[in-house]
>>> print(open('protein-v7.txt').read())   # compact mmCIF, C-alpha atoms
# COMPACT_ATOMS: atom_id res chain seq x y z
CA MET X 202 -161.24 -197.28 54.01
CA SER X 203 -158.94 -195.59 56.56
CA SER X 204 -156.15 -193.31 55.44
CA PRO X 205 -152.54 -194.42 55.96
CA ASP X 206 -150.73 -193.56 59.15
CA PRO X 207 -149.08 -190.07 58.96
CA GLN X 208 -145.64 -191.65 59.41
CA VAL X 209 -146.36 -194.02 56.51
CA ARG X 210 -147.46 -191.09 54.34
CA ALA X 211 -144.28 -189.18 55.23
CA ALA X 212 -142.14 -192.18 54.33
CA ARG X 213 -143.92 -192.56 51.00
CA ASN X 214 -143.51 -188.86 50.18
CA LYS X 215 -139.85 -189.01 51.09
CA SER X 216 -139.27 -192.00 48.83
CA THR X 217 -140.91 -190.29 45.85
CA SER X 218 -139.48 -186.80 46.33
CA PRO X 219 -136.51 -185.77 44.18
CA PRO X 220 -133.07 -186.09 45.76
CA PRO X 221 -131.52 -182.95 47.23
CA ARG X 222 -129.94 -180.72 44.62
CA GLY X 223 -126.19 -180.40 44.24
CA PRO X 224 -123.56 -178.12 45.71
CA VAL X 225 -123.72 -174.67 47.22
CA VAL X 226 -121.48 -172.55 45.00
CA ALA X 227 -119.91 -169.19 45.84
CA VAL X 228 -118.87 -166.94 42.95
CA THR X 229 -116.56 -163.96 43.46
CA GLY X 230 -116.68 -161.09 40.97
CA ALA X 231 -120.33 -162.03 40.48
CA ALA X 232 -121.71 -158.61 39.56
CA SER X 233 -120.19 -158.22 36.10
CA GLY X 234 -118.46 -159.94 33.20
CA VAL X 235 -117.91 -163.69 33.32
CA GLY X 236 -118.89 -163.72 36.99
CA ALA X 237 -122.36 -162.34 36.25
CA LEU X 238 -122.89 -164.78 33.39
CA LEU X 239 -121.79 -167.75 35.50
CA THR X 240 -123.94 -166.67 38.45
CA ALA X 241 -127.02 -166.54 36.22
CA ARG X 242 -126.15 -169.90 34.68
CA LEU X 243 -125.65 -171.64 38.02
CA THR X 244 -128.82 -170.25 39.60
CA ALA X 245 -130.77 -171.70 36.66
CA SER X 246 -129.13 -175.12 36.99
CA GLU X 247 -131.06 -178.01 38.54
CA GLU X 248 -127.71 -179.46 39.60
CA VAL X 249 -126.82 -176.54 41.88
CA LYS X 250 -128.50 -176.09 45.26
CA GLN X 251 -127.65 -172.44 45.90
CA VAL X 252 -125.40 -169.67 44.60
CA VAL X 253 -123.66 -167.23 46.93
CA ALA X 254 -122.63 -164.13 44.96
CA ILE X 255 -119.76 -161.98 46.25
CA ASP X 256 -118.69 -158.63 44.84
CA GLU X 257 -118.11 -155.00 45.82
CA ARG X 258 -121.54 -154.15 44.46
CA ARG X 259 -124.79 -156.02 44.02
CA GLY X 260 -125.43 -157.58 40.63
CA GLU X 261 -128.68 -158.19 38.79
CA CYS X 262 -129.21 -161.88 39.59
CA ALA X 263 -132.00 -161.82 42.20
CA GLU X 264 -131.91 -165.60 42.68
CA ALA X 265 -128.42 -165.50 44.23
CA GLU X 266 -127.61 -164.72 47.86
CA TRP X 267 -125.53 -161.52 47.71
CA HIS X 268 -122.68 -160.42 49.97
CA ILE X 269 -121.01 -157.07 49.32
CA LEU X 270 -117.31 -156.96 50.19
CA ASP X 271 -113.78 -156.82 48.80
CA VAL X 272 -112.29 -160.29 48.17
CA ARG X 273 -109.12 -159.16 49.96
CA ASP X 274 -111.09 -158.80 53.20
CA PRO X 275 -110.45 -161.81 55.51
CA ALA X 276 -114.11 -161.54 56.55
CA ILE X 277 -114.89 -163.36 53.32
CA ALA X 278 -114.27 -166.62 55.22
CA ASP X 279 -117.56 -166.08 57.08
CA ARG X 280 -119.41 -165.60 53.79
CA LEU X 281 -118.00 -168.85 52.43
CA ARG X 282 -119.14 -171.07 55.31
CA GLY X 283 -121.55 -173.67 54.01
CA ALA X 284 -120.28 -173.44 50.44
CA ASP X 285 -119.02 -176.58 48.75
CA VAL X 286 -117.29 -174.86 45.83
CA VAL X 287 -115.85 -171.38 45.26
CA VAL X 288 -115.32 -169.98 41.76
CA HIS X 289 -112.92 -167.06 42.03
CA LEU X 290 -113.49 -164.60 39.19
CA ALA X 291 -112.74 -161.29 40.93
CA LEU X 292 -109.74 -160.31 38.82
CA ASP X 293 -108.71 -156.94 37.43
CA LEU X 294 -107.25 -157.31 33.93
CA ASP X 295 -108.15 -153.80 32.75
CA LEU X 296 -105.53 -152.42 30.37
CA GLU X 297 -105.86 -148.96 31.90
CA THR X 298 -105.36 -150.01 35.54
CA ASP X 299 -102.06 -149.15 37.19
CA ALA X 300 -99.94 -152.32 36.95
CA ALA X 301 -98.83 -152.33 40.60
CA ALA X 302 -102.39 -151.80 41.85
CA ARG X 303 -103.68 -154.51 39.53
CA THR X 304 -101.13 -157.03 40.78
CA ALA X 305 -101.82 -156.16 44.42
CA TYR X 306 -105.54 -156.76 43.89
CA ASN X 307 -105.24 -159.95 41.84
CA VAL X 308 -102.60 -161.74 43.89
CA ARG X 309 -103.78 -160.66 47.33
CA GLY X 310 -107.37 -161.42 46.40
CA THR X 311 -106.52 -164.96 45.26
CA GLN X 312 -104.40 -165.60 48.36
CA THR X 313 -107.24 -164.44 50.61
CA VAL X 314 -109.90 -166.49 48.82
CA LEU X 315 -107.82 -169.69 48.96
CA THR X 316 -107.04 -169.24 52.65
CA ALA X 317 -110.61 -168.27 53.50
CA ALA X 318 -112.03 -171.21 51.54
CA ALA X 319 -109.83 -173.64 53.46
CA ALA X 320 -110.80 -172.05 56.79
CA ALA X 321 -114.51 -172.22 55.87
CA GLY X 322 -114.36 -175.91 55.01
CA VAL X 323 -114.83 -175.48 51.26
CA HIS X 324 -113.53 -178.54 49.45
CA ARG X 325 -113.00 -177.11 45.95
CA VAL X 326 -111.84 -173.78 44.53
CA VAL X 327 -112.00 -173.06 40.80
CA LEU X 328 -109.63 -170.39 39.50
CA CYS X 329 -109.58 -168.83 36.04
CA THR X 330 -106.38 -167.68 34.31
CA SER X 331 -105.63 -167.87 30.56
CA THR X 332 -103.85 -170.02 28.01
CA MET X 333 -101.46 -167.07 27.79
CA VAL X 334 -99.60 -168.67 30.71
CA TYR X 335 -98.19 -171.26 28.30
CA GLY X 336 -96.33 -168.47 26.54
CA ALA X 337 -96.24 -167.57 22.84
CA LEU X 338 -93.02 -169.04 21.49
CA PRO X 339 -91.74 -169.94 18.02
CA ASP X 340 -91.08 -173.57 19.02
CA ASN X 341 -94.51 -174.23 20.53
CA GLU X 342 -96.24 -177.37 19.28
CA LEU X 343 -99.57 -177.01 17.49
CA PRO X 344 -101.56 -177.68 19.56
CA LEU X 345 -99.99 -177.67 23.02
CA ALA X 346 -100.96 -180.35 25.53
CA GLU X 347 -102.62 -179.08 28.69
CA ASP X 348 -99.78 -180.39 30.82
CA ALA X 349 -97.20 -178.50 28.75
CA GLU X 350 -94.74 -176.36 30.69
CA LEU X 351 -95.90 -172.83 31.49
CA ARG X 352 -93.20 -170.83 29.69
CA ALA X 353 -94.76 -167.37 29.68
CA THR X 354 -92.93 -164.44 31.20
CA ALA X 355 -94.34 -161.44 33.04
CA GLU X 356 -93.75 -159.14 30.06
CA ALA X 357 -97.34 -159.10 28.74
CA THR X 358 -100.33 -157.34 30.30
CA GLY X 359 -101.52 -159.20 33.39
CA VAL X 360 -99.62 -162.41 32.59
CA GLY X 361 -97.34 -161.97 35.61
CA ASP X 362 -100.43 -161.91 37.82
CA LEU X 363 -101.84 -165.02 36.13
CA LEU X 364 -98.56 -166.90 36.59
CA GLU X 365 -98.56 -166.03 40.29
CA ILE X 366 -102.16 -167.25 40.56
CA GLU X 367 -101.06 -170.51 38.92
CA ARG X 368 -98.30 -170.85 41.53
CA LEU X 369 -100.76 -170.19 44.34
CA ALA X 370 -103.07 -172.85 42.88
CA ARG X 371 -100.31 -175.45 42.91
CA ARG X 372 -99.22 -174.62 46.44
CA ALA X 373 -102.71 -174.44 47.97
CA PRO X 374 -103.41 -178.21 48.31
CA ARG X 375 -100.10 -178.62 50.17
CA ALA X 376 -100.74 -175.63 52.41
CA HIS X 377 -104.40 -176.62 52.97
CA PRO X 378 -104.80 -180.43 52.91
CA GLY X 379 -108.23 -181.41 51.69
CA LEU X 380 -108.62 -178.37 49.44
CA ASN X 381 -108.93 -179.24 45.77
CA VAL X 382 -107.97 -176.52 43.27
CA THR X 383 -109.03 -176.57 39.62
CA VAL X 384 -107.58 -174.05 37.15
CA VAL X 385 -109.47 -173.18 33.96
CA ARG X 386 -107.46 -171.48 31.19
CA PRO X 387 -109.48 -169.89 28.37
CA ALA X 388 -108.01 -168.96 24.98
CA VAL X 389 -108.56 -165.42 23.61
CA LEU X 390 -111.79 -164.57 25.38
CA VAL X 391 -114.56 -162.92 23.38
CA GLY X 392 -117.94 -161.64 24.50
CA GLY X 393 -118.00 -158.22 26.12
CA THR X 394 -114.28 -158.33 26.85
CA ASP X 395 -111.58 -155.71 26.31
CA THR X 396 -108.01 -156.99 26.15
CA ALA X 397 -104.83 -156.28 24.22
CA LEU X 398 -105.73 -159.22 21.97
CA THR X 399 -109.30 -158.10 21.24
CA ARG X 400 -108.01 -154.57 20.57
CA TYR X 401 -105.71 -156.06 17.91
CA PHE X 402 -108.84 -156.38 15.75
CA GLU X 403 -109.78 -152.72 16.27
CA SER X 404 -106.75 -151.59 14.27
CA PRO X 405 -107.04 -150.24 10.73
CA ARG X 406 -104.36 -152.74 9.71
CA LEU X 407 -103.44 -156.04 11.34
CA LEU X 408 -99.83 -155.71 12.42
CA VAL X 409 -97.82 -158.75 11.31
CA VAL X 410 -94.20 -159.14 12.32
CA ALA X 411 -92.10 -160.37 9.40
CA GLY X 412 -91.12 -164.02 9.73
CA SER X 413 -93.63 -164.75 12.52
CA ARG X 414 -96.13 -167.62 12.60
CA PRO X 415 -99.35 -166.51 14.30
CA ALA X 416 -102.15 -168.96 15.09
CA TRP X 417 -105.44 -167.74 16.52
CA GLN X 418 -107.68 -169.67 18.89
CA PHE X 419 -110.70 -168.05 20.53
CA CYS X 420 -113.02 -168.84 23.42
CA HIS X 421 -116.57 -167.54 23.66
CA VAL X 422 -117.61 -166.45 27.17
CA ASP X 423 -120.57 -168.85 27.05
CA ASP X 424 -118.18 -171.74 26.43
CA LEU X 425 -116.01 -170.59 29.32
CA CYS X 426 -119.06 -170.52 31.60
CA SER X 427 -120.09 -174.02 30.56
CA ALA X 428 -116.54 -175.26 31.23
CA LEU X 429 -116.56 -173.59 34.65
CA GLU X 430 -119.88 -175.32 35.37
CA TYR X 431 -118.27 -178.66 34.50
CA ALA X 432 -115.56 -177.92 37.05
CA VAL X 433 -118.10 -176.82 39.67
CA LEU X 434 -120.05 -180.07 39.28
CA GLU X 435 -116.80 -182.09 39.50
CA LYS X 436 -117.25 -183.56 36.06
CA VAL X 437 -113.61 -182.68 35.44
CA ASP X 438 -110.74 -181.33 37.53
CA GLY X 439 -107.06 -180.42 37.41
CA GLU X 440 -105.62 -177.89 34.97
CA LEU X 441 -108.02 -177.35 32.08
CA ALA X 442 -107.71 -175.41 28.85
CA VAL X 443 -110.87 -174.23 27.11
CA GLY X 444 -111.39 -172.83 23.64
CA CYS X 445 -112.76 -173.49 20.19
CA ASP X 446 -111.57 -176.61 18.40
CA GLY X 447 -108.53 -175.99 16.22
CA TRP X 448 -107.18 -172.61 15.18
CA LEU X 449 -107.03 -170.03 12.40
CA GLU X 450 -103.89 -169.09 10.51
CA GLN X 451 -103.15 -165.37 10.08
CA GLU X 452 -104.11 -165.52 6.39
CA GLU X 453 -107.51 -166.99 7.33
CA VAL X 454 -108.04 -164.25 9.91
CA GLU X 455 -107.26 -161.58 7.32
CA GLU X 456 -109.59 -163.15 4.77
CA LEU X 457 -112.45 -163.54 7.26
CA SER X 458 -112.03 -160.07 8.74
CA GLY X 459 -111.37 -158.21 5.52
CA ILE X 460 -108.63 -156.25 7.32
CA ARG X 461 -105.35 -156.03 5.46
CA ARG X 462 -102.00 -156.53 7.12
CA MET X 463 -99.17 -154.14 7.83
CA GLU X 464 -95.91 -156.10 7.97
CA LEU X 465 -92.94 -154.76 9.92
CA PRO X 466 -89.49 -156.17 10.72
CA SER X 467 -89.26 -157.70 14.20
CA ALA X 468 -86.73 -155.18 15.53
CA VAL X 469 -88.85 -152.24 14.39
CA ALA X 470 -92.14 -153.64 15.75
CA LEU X 471 -90.78 -154.75 19.13
CA GLY X 472 -88.61 -151.67 19.60
CA ALA X 473 -91.45 -149.29 18.78
CA ALA X 474 -93.90 -151.17 21.02
CA ALA X 475 -91.49 -150.98 23.95
CA ARG X 476 -90.84 -147.26 23.45
CA LEU X 477 -94.50 -146.38 23.01
CA HIS X 478 -95.40 -148.16 26.23
CA ARG X 479 -92.47 -146.71 28.16
CA ILE X 480 -93.41 -143.12 27.31
CA GLY X 481 -97.06 -143.78 28.10
CA LEU X 482 -98.53 -143.55 24.59
CA THR X 483 -99.96 -147.08 24.68
CA PRO X 484 -101.26 -149.34 27.50
CA SER X 485 -99.79 -152.53 26.03
CA PRO X 486 -96.18 -153.51 26.77
CA ALA X 487 -94.01 -155.07 24.05
CA GLY X 488 -94.64 -158.51 25.56
CA ASP X 489 -98.21 -158.43 24.26
CA LEU X 490 -96.87 -158.47 20.71
CA ALA X 491 -95.49 -162.01 21.09
CA TYR X 492 -99.05 -163.35 21.32
CA THR X 493 -99.72 -162.02 17.81
CA MET X 494 -96.45 -163.50 16.49
CA TYR X 495 -96.21 -167.10 17.68
CA PRO X 496 -98.67 -169.94 18.36
CA TRP X 497 -100.13 -170.71 21.81
CA VAL X 498 -103.00 -172.97 20.78
CA ILE X 499 -104.13 -175.70 23.20
CA SER X 500 -105.85 -179.06 22.68
CA GLY X 501 -108.50 -178.93 25.44
CA SER X 502 -108.40 -182.72 25.65
CA ARG X 503 -109.35 -183.02 29.32
CA LEU X 504 -112.67 -181.27 28.90
CA HIS X 505 -113.32 -183.19 25.69
CA ASP X 506 -112.62 -186.48 27.47
CA ALA X 507 -115.20 -185.49 30.10
CA GLY X 508 -117.83 -184.97 27.39
CA TRP X 509 -117.64 -181.18 27.08
CA ARG X 510 -117.75 -179.57 23.64
CA PRO X 511 -117.53 -175.90 22.61
CA ALA X 512 -120.74 -174.43 21.23
CA TYR X 513 -118.83 -172.03 18.97
CA THR X 514 -116.21 -172.29 16.25
CA ASN X 515 -113.23 -169.98 15.83
CA GLU X 516 -114.89 -168.50 12.74
CA GLU X 517 -118.11 -167.74 14.65
CA VAL X 518 -116.29 -166.16 17.59
CA LEU X 519 -114.11 -164.04 15.31
CA ALA X 520 -117.26 -162.81 13.55
CA GLN X 521 -118.78 -161.81 16.89
CA LEU X 522 -115.57 -160.06 17.92
CA LEU X 523 -115.48 -158.06 14.70
CA ASP X 524 -119.10 -157.05 15.26
CA GLU X 525 -118.36 -155.96 18.84
CA VAL X 526 -115.35 -153.82 17.90
CA SER X 527 -116.98 -152.25 14.85
CA GLY X 528 -116.60 -148.48 15.05
CA ARG X 529 -113.72 -148.58 17.49
CA HIS X 530 -110.30 -147.37 16.41
CA THR X 531 -107.16 -148.65 18.08
CA VAL X 532 -103.51 -148.38 17.10
CA ALA X 533 -100.76 -150.16 19.01
CA GLY X 534 -103.28 -150.92 21.77
CA ARG X 535 -104.26 -147.25 22.19
CA ARG X 536 -107.87 -146.24 21.57
CA LEU X 537 -108.34 -143.29 19.22
CA GLY X 538 -111.35 -141.03 18.97
CA ARG X 539 -113.24 -141.03 15.68
CA LYS X 540 -111.72 -137.65 14.73
CA ASP X 541 -108.18 -138.88 15.42
CA ALA X 542 -108.72 -142.08 13.47
CA THR X 543 -110.17 -140.24 10.47
CA ALA X 544 -107.34 -137.74 10.44
CA ALA X 545 -104.68 -140.38 10.83
CA GLY X 546 -106.03 -142.65 8.14
CA ALA X 547 -105.45 -146.37 7.99
CA ALA X 548 -101.71 -147.01 7.97
CA GLY X 549 -101.03 -143.37 8.81
CA ALA X 550 -102.13 -143.84 12.43
CA THR X 551 -99.51 -146.51 12.97
CA VAL X 552 -96.86 -144.41 11.28
CA ALA X 553 -97.86 -141.44 13.46
CA LEU X 554 -97.36 -143.42 16.64
CA LEU X 555 -94.08 -144.87 15.45
CA GLY X 556 -93.00 -141.37 14.52
CA ALA X 557 -94.03 -140.07 17.95
CA ALA X 558 -91.76 -142.59 19.60
CA ALA X 559 -88.89 -141.55 17.37
CA VAL X 560 -89.48 -137.85 18.14
CA VAL X 561 -89.49 -138.49 21.88
CA ARG X 562 -86.33 -140.57 21.57
CA ARG X 563 -84.54 -137.80 19.67
CA ALA X 564 -85.72 -135.21 22.20
CA ARG X 565 -84.34 -137.25 25.07
CA LYS X 566 -81.01 -137.63 23.32
CA ALA X 567 -80.90 -133.88 22.73
CA ARG X 568 -81.57 -133.19 26.42
CA ARG X 569 -78.77 -135.54 27.43
CA ARG X 570 -76.33 -133.70 25.13
CA ILE X 571 -77.17 -130.33 26.68
>>> encode(input="protein-v7.txt", output="C-alpha cells")
Amino acid sequence: MSSPDPQVRAARNKSTSPPPRGPVVAVTGAASGVGALLTARLTASEEVKQVVAIDERRGECAEAEWHILDVRDPAIADRLRGADVVVHLALDLDLETDAAARTAYNVRGTQTVLTAAAAAGVHRVVLCTSTMVYGALPDNELPLAEDAELRATAEATGVGDLLEIERLARRAPRAHPGLNVTVVRPAVLVGGTDTALTRYFESPRLLVVAGSRPAWQFCHVDDLCSALEYAVLEKVDGELAVGCDGWLEQEEVEELSGIRRMELPSAVALGAAARLHRIGLTPSPAGDLAYTMYPWVISGSRLHDAGWRPAYTNEEVLAQLLDEVSGRHTVAGRRLGRKDATAAGAAGATVALLGAAAVVRRARKARRRI
C-alpha cells in the first residue's frame, strides 16, 4: 500500500497540530519584584507565545528574551516591535529614593513606554498603580466601586506619581488611537515588598489616630500576578482593582497580630509626622498616615465578573506579612537597628521620635529669636 502524497501528509499534520499559542508579551521591570514573578509566570503559560523581558539588568528567567536598557530610552520602541501586549512594571516606589528623582523616573518612563508601544504597533499596554489612588477618606464607602472617583492627593509616598500615571493611561487612547490601556490597582501589596504600609507592621505599637476608622485590605503578589495575566490574555480590561475579598477592622488586625495599639490625638499624630519628615528623621510624609486612619477598600467586581478569584484571604496575607517583617524595627516609618530598638523600648521609641521633633522645633524657634 503506497504512502500518502507528501502534500496530503502535510495537510493532515497541520489539521491535527495544536493552534498557535497566544500573544507575545513584553514586561518592563522584569528582573526583580513583581516583574520577575510575572515574567516567570508568563513564560510557563501555554497561553503565551513568547515573553520579552526588559530591564536595566538581566534577570534569572532564562526562557524570556532579554533586552537591557532604561525604560526612558526611546530605543525601547525597537525592542517592543512584534509584541502584542506590554506590561509596564518598571516603577521606583522605594521609600528612600529622592522624591524628585523617583517622579522623574516613574512619569517619564511611563510616557516613553506608552509612546513607544504605540509606535511599535502594540495594541495593549497594562499599567500597575495602587488602590491608594482612590484616597483614604472618612466618607469613603465600604467597599468602594472600581469606577469611584480618584480622590487621592499627592501627599503620600509615590501617590502623586501613581495619579500622574493614571492620567497618562486615560489620555493615551486619545493620543494613540488603537492603543488599549488597562490599569491594575492592587491593595496593600505583600510578598517581598517594602512600603510605608508594610512598615506600619514593623512598629512596636500600632499607631491609631483617635476617632479614626481604619479598614485593612491586602493583596498577595501572586494574586496580583494572576490578575495581570488575566489582563494580558484580554479576559478583562479597563480599570481593575485587585485584592483579597473583604477587609479587616483595626481591632481584628490587632488581635491577629498580637501587637497592641498606641492611640494619639489627630493633631499630635499628623503634626509630629509632618515635622519628622520635614527634618529628615523619617522617610514617610504625613500623607501616609491617612491610609492607616480611613478606609480605602475596593470591591474588585470586574475581575470577579471575569471569573478571577484571589487565592489568599486577608488573614493569610497578614500572617505572611508579619512573618516577613519579624525582627525588623520601625518607628514612624524609620527603620531602627536592633540596638536602637532595644534601647528605645516599645512605646519609648515613638516617644523618642516625637520628642526629637519637639527639640528641633524649639531649637529653630531659639535661632529665630537670636
>>> residues_around(input="protein-v7.txt", residues="segment 294-307 of chain X", least_positions_apart="3", cutoff="8 Å", atoms="all atoms listed in the file", output="PDB file with C-alpha atoms, in the coordinates of the input")
ATOM      1  CA  ARG X 273    -109.120-159.160  49.960  1.00  0.00           C
ATOM      2  CA  ALA X 291    -112.740-161.290  40.930  1.00  0.00           C
ATOM      3  CA  GLY X 310    -107.370-161.420  46.400  1.00  0.00           C
ATOM      4  CA  THR X 311    -106.520-164.960  45.260  1.00  0.00           C
ATOM      5  CA  THR X 358    -100.330-157.340  30.300  1.00  0.00           C
ATOM      6  CA  GLY X 359    -101.520-159.200  33.390  1.00  0.00           C
ATOM      7  CA  ASP X 362    -100.430-161.910  37.820  1.00  0.00           C
ATOM      8  CA  ASP X 395    -111.580-155.710  26.310  1.00  0.00           C
ATOM      9  CA  THR X 396    -108.010-156.990  26.150  1.00  0.00           C
ATOM     10  CA  ALA X 397    -104.830-156.280  24.220  1.00  0.00           C
ATOM     11  CA  PRO X 484    -101.260-149.340  27.500  1.00  0.00           C
ATOM     12  CA  SER X 485     -99.790-152.530  26.030  1.00  0.00           C
TER      13      SER X 485
END
>>> residues_around(input="protein-v7.txt", residues="His324 of chain X", least_positions_apart="4", cutoff="8 Å", atoms="only C-alpha atoms", output="ChimeraX atom specification")
/X:285-286,318-319,379-381
>>> closest_residue(input="protein-v7.txt", among="X:Val391, X:Leu465, X:Leu429, X:Leu363", to="Ala520 of chain X", atoms="only C-alpha atoms")
X:Val391
>>> atom_distance(input="protein-v7.txt", atom1="atom CA of Glu356 of chain X", atom2="atom CA of Tyr401 of chain X")
17.3 Å
>>> atom_distance(input="protein-v7.txt", atom1="atom CA of Ala254 of chain X", atom2="atom CA of Val327 of chain X")
14.5 Å
>>> closest_residue(input="protein-v7.txt", among="X:Asp340, X:Asp438, X:Asp293, X:Glu455", to="Asp506 of chain X", atoms="all atoms listed in the file")
X:Asp438
>>> build_atoms(input="protein-v7.txt", residues="segment 333-349 of chain X", atoms="N, CA, C and O atoms", output="mmCIF file, keeping the file's coordinate frame")
data_model
loop_
_atom_site.group_PDB
_atom_site.id
_atom_site.type_symbol
_atom_site.label_atom_id
_atom_site.label_comp_id
_atom_site.auth_asym_id
_atom_site.auth_seq_id
_atom_site.Cartn_x
_atom_site.Cartn_y
_atom_site.Cartn_z
ATOM 1 N N MET X 333 -102.649 -167.894 27.956
ATOM 2 C CA MET X 333 -101.460 -167.070 27.790
ATOM 3 C C MET X 333 -100.319 -167.532 28.698
ATOM 4 O O MET X 333 -99.150 -167.261 28.419
ATOM 5 N N VAL X 334 -100.648 -168.235 29.783
ATOM 6 C CA VAL X 334 -99.600 -168.670 30.710
ATOM 7 C C VAL X 334 -98.667 -169.698 30.079
ATOM 8 O O VAL X 334 -97.555 -169.920 30.582
ATOM 9 N N TYR X 335 -99.091 -170.329 28.992
ATOM 10 C CA TYR X 335 -98.190 -171.260 28.300
ATOM 11 C C TYR X 335 -97.069 -170.522 27.579
ATOM 12 O O TYR X 335 -96.027 -171.099 27.279
ATOM 13 N N GLY X 336 -97.308 -169.258 27.285
ATOM 14 C CA GLY X 336 -96.330 -168.470 26.540
ATOM 15 C C GLY X 336 -96.521 -168.623 25.047
ATOM 16 O O GLY X 336 -96.959 -169.662 24.548
ATOM 17 N N ALA X 337 -96.201 -167.554 24.315
ATOM 18 C CA ALA X 337 -96.240 -167.570 22.840
ATOM 19 C C ALA X 337 -94.803 -167.630 22.355
ATOM 20 O O ALA X 337 -94.072 -166.646 22.441
ATOM 21 N N LEU X 338 -94.414 -168.804 21.849
ATOM 22 C CA LEU X 338 -93.020 -169.040 21.490
ATOM 23 C C LEU X 338 -92.916 -169.695 20.124
ATOM 24 O O LEU X 338 -93.799 -170.473 19.731
ATOM 25 N N PRO X 339 -91.846 -169.403 19.382
ATOM 26 C CA PRO X 339 -91.740 -169.940 18.020
ATOM 27 C C PRO X 339 -91.658 -171.454 17.961
ATOM 28 O O PRO X 339 -92.011 -172.046 16.934
ATOM 29 N N ASP X 340 -91.204 -172.116 19.044
ATOM 30 C CA ASP X 340 -91.080 -173.570 19.020
ATOM 31 C C ASP X 340 -92.246 -174.295 19.675
ATOM 32 O O ASP X 340 -92.186 -175.498 19.924
ATOM 33 N N ASN X 341 -93.336 -173.579 19.960
ATOM 34 C CA ASN X 341 -94.510 -174.230 20.530
ATOM 35 C C ASN X 341 -95.108 -175.237 19.561
ATOM 36 O O ASN X 341 -95.203 -174.983 18.361
ATOM 37 N N GLU X 342 -95.533 -176.388 20.102
ATOM 38 C CA GLU X 342 -96.240 -177.370 19.280
ATOM 39 C C GLU X 342 -97.641 -176.853 18.975
ATOM 40 O O GLU X 342 -98.193 -176.031 19.691
ATOM 41 N N LEU X 343 -98.198 -177.351 17.886
ATOM 42 C CA LEU X 343 -99.570 -177.010 17.490
ATOM 43 C C LEU X 343 -100.413 -178.282 17.450
ATOM 44 O O LEU X 343 -100.217 -179.103 16.546
ATOM 45 N N PRO X 344 -101.308 -178.507 18.383
ATOM 46 C CA PRO X 344 -101.560 -177.680 19.560
ATOM 47 C C PRO X 344 -100.702 -178.135 20.737
ATOM 48 O O PRO X 344 -100.096 -179.204 20.703
ATOM 49 N N LEU X 345 -100.675 -177.323 21.781
ATOM 50 C CA LEU X 345 -99.990 -177.670 23.020
ATOM 51 C C LEU X 345 -100.868 -178.606 23.851
ATOM 52 O O LEU X 345 -102.101 -178.497 23.848
ATOM 53 N N ALA X 346 -100.230 -179.529 24.567
ATOM 54 C CA ALA X 346 -100.960 -180.350 25.530
ATOM 55 C C ALA X 346 -101.225 -179.518 26.781
ATOM 56 O O ALA X 346 -100.480 -178.588 27.093
ATOM 57 N N GLU X 347 -102.278 -179.869 27.499
ATOM 58 C CA GLU X 347 -102.620 -179.080 28.690
ATOM 59 C C GLU X 347 -101.576 -179.158 29.784
ATOM 60 O O GLU X 347 -101.451 -178.246 30.597
ATOM 61 N N ASP X 348 -100.822 -180.264 29.809
ATOM 62 C CA ASP X 348 -99.780 -180.390 30.820
ATOM 63 C C ASP X 348 -98.432 -179.859 30.337
ATOM 64 O O ASP X 348 -97.392 -180.100 30.956
ATOM 65 N N ALA X 349 -98.435 -179.107 29.235
ATOM 66 C CA ALA X 349 -97.200 -178.500 28.750
ATOM 67 C C ALA X 349 -96.671 -177.501 29.778
ATOM 68 O O ALA X 349 -97.421 -176.937 30.574
#
